[in-house]
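Structure first, commentary second.
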Amino acid sequence: MDSPLNKMETSEADDVPNMEGGDTTDAIPDWFPKIPFITNKKKAKEHSPASSTNIQQRVNAHPHLYNMNYKHVGRCVIINNENFQKSSGISTSSGTNKDAKEIERCFQNLGFEVSVKNDQTCDQMKAFLKQVADEKHSDNACFVCVLLSHGEEGYIYGTDGMIEIKELTSLFRGDRCRTLVGKPKLFFIQACRGKHLDTGLEADAASGSDSDDEGTSPKNKIPVEADFLLAYSTVEGYYAGRNGERGSWFIQSLCKVITEHGRQLEILQILTRVNFMVAAEFESEHADPDLKRNKQVPCITSMLTNELYFKT
């Protein structure tokens, strides 16, 4: 008998069509100030403004590892859109409630404070995440957001239409959410990213430093886009697999790996195992031969600047 992780059906809506110098920039616009970037670490340290002390401590307290020694692990917010307005033309996202329950349990077990919002319009999604971004996260080690819905490339559906994913994630940028500066901000997105199907490929079975003081010198600034990780259920342009009873391939695999290894493995190790599980253990079942035995692989976009372990 096939295990629950083998051969899951695709949903009708989400997965199947409706039937030698100093550093500089590569290209500097005319208006950009002609000021060379600071590359001398000692000089950067000598001229570090006092106002950046707190940021420097958060970023450099433990080189190469995110500091998890805070009062709280952090906030995890889940937006779970199952039912959509008729005007949107989008059908029910069956199986998403299973995903929401499982992901809530996983992050609660890791020590996160979890909030779930169901069936949110685009404005409600943005308003809720803006409210969360405006909260004081000084006692939190990191932040997690899970988006469960239909989608297209670059967009995710609220119950009344689409909103750009960047419009939501940018609320947590370093210049907008100061108390999360230097801390990991993780987004897990279960949604389609296009209309392509991955038919897969038949393949034969396979026959796989210490830092010095200067290297960890504090910097004056960090990029506002730093410390984000976006884990998508599928690659750009493709459908995402989901089973109406058991949930989506991506979220169920993510929950399984977190449950088994969430406190031992680094986040990118966790997600690499999720990629393998989805790619190796799932394929679609459908009456239409053209929609049968399709495959999927998730996609990780990381701007993390340190390694992240959930253990404290």
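In the structure tokens, the first chain shown is A, the next is B, and so on; residue numbers restart at 1 for each chain, and ligands run from 1 in the order shown.
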Write out as a PyMOL selection string each polymer residue whose atoms come within 6 Å of range 185-195 of chain A, counting only C-alpha atoms; drop sequence neighbours fewer than 3 positions from it.
chain A and resi 143-153+228-233+236-240
Mind pulling up the distance from CA of Thr121 in chain A to CA of Val235 in chain A?
24.9 Å
List the neighbours of range 259-266 of chain A out to 6 Å using only C-alpha atoms; skip same-chain residues closer than 6 positions along the sequence, and give me the result as a ChimeraX atom specification.
/A:308-311
Looking at only C-alpha atoms, which of A:Asn118, A:Ser91, A:Leu110, A:Tyr155 is the one that sits closest to Ile79 in chain A?
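For Ile79 in chain A, the nearest of the given residues is A:Asn118.
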Near Leu254 in chain A, within 8 Å and counting only C-alpha atoms, which residues show up once chain neighbours fewer than 2 positions away are dropped, as an MDAnalysis selection string?
chainID A and resid 250:252 256:258 270:271 274
Write the residues you've just listed into a file as a PDB file, in the first residue's frame, and include C-alpha atoms for each of them.
```pdb
ATOM      1  CA  PHE A 250       5.287  21.212   0.649  1.00  0.00           C
ATOM      2  CA  ILE A 251       3.721  22.037   4.019  1.00  0.00           C
ATOM      3  CA  GLN A 252       3.249  18.404   5.014  1.00  0.00           C
ATOM      4  CA  LYS A 256       7.479  16.197   8.994  1.00  0.00           C
ATOM      5  CA  VAL A 257      11.101  17.376   8.774  1.00  0.00           C
ATOM      6  CA  ILE A 258      10.629  20.022  11.482  1.00  0.00           C
ATOM      7  CA  ILE A 270      15.863  21.422   7.010  1.00  0.00           C
ATOM      8  CA  LEU A 271      14.661  22.966   3.767  1.00  0.00           C
ATOM      9  CA  VAL A 274      12.084  19.165   2.432  1.00  0.00           C
TER      10      VAL A 274
END
```
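Residues within 7 Å of range 179-184 of chain A, counting only C-alpha atoms and excluding same-chain residues fewer than 2 positions away, are Ile55, Arg58, Val59, Lys136, His137, Ser138, Ala141, Cys142, Phe143, Gly174, Cys177, Leu186, Asp227, Phe228 and Leu304 of chain A.
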Create the file for the chosen residues now, containing N, CA and C atoms and written as a CSV table (one decimal), in the first residue's frame.
```csv
chain,number,residue,atom,x,y,z
A,55,ILE,N,22.4,47.6,17.1
A,55,ILE,CA,22.3,46.7,15.9
A,55,ILE,C,23.6,45.9,15.8
A,58,ARG,N,23.5,42.9,18.0
A,58,ARG,CA,22.6,41.8,17.6
A,58,ARG,C,23.2,41.1,16.4
A,59,VAL,N,23.9,41.8,15.5
A,59,VAL,CA,24.4,41.1,14.3
A,59,VAL,C,25.6,40.3,14.6
A,136,LYS,N,6.6,45.4,19.1
A,136,LYS,CA,7.9,45.4,19.6
A,136,LYS,C,8.4,43.9,19.7
A,137,HIS,N,9.5,43.6,18.9
A,137,HIS,CA,10.1,42.3,18.9
A,137,HIS,C,11.4,42.2,19.6
A,138,SER,N,11.6,43.1,20.5
A,138,SER,CA,13.0,43.2,21.1
A,138,SER,C,13.3,41.9,21.9
A,141,ALA,N,13.7,36.2,19.2
A,141,ALA,CA,14.9,35.9,18.4
A,141,ALA,C,14.6,35.9,16.9
A,142,CYS,N,13.4,35.7,16.5
A,142,CYS,CA,13.2,35.7,15.0
A,142,CYS,C,11.7,35.8,14.8
A,143,PHE,N,11.3,35.8,13.5
A,143,PHE,CA,9.9,35.9,13.1
A,143,PHE,C,9.6,34.9,11.9
A,174,GLY,N,14.4,46.0,7.4
A,174,GLY,CA,15.2,46.6,8.5
A,174,GLY,C,14.8,48.1,8.7
A,177,CYS,N,10.9,47.7,10.3
A,177,CYS,CA,10.7,46.9,11.5
A,177,CYS,C,12.0,46.9,12.3
A,186,LEU,N,11.5,34.6,8.4
A,186,LEU,CA,11.3,33.4,7.5
A,186,LEU,C,9.8,33.5,7.0
A,227,ASP,N,18.7,39.2,6.0
A,227,ASP,CA,18.1,38.3,7.1
A,227,ASP,C,16.7,37.8,6.7
A,228,PHE,N,16.3,37.8,5.5
A,228,PHE,CA,15.1,37.2,5.0
A,228,PHE,C,15.3,35.8,4.4
A,304,LEU,N,19.7,35.2,4.3
A,304,LEU,CA,20.2,35.0,5.7
A,304,LEU,C,21.7,35.3,5.7
```
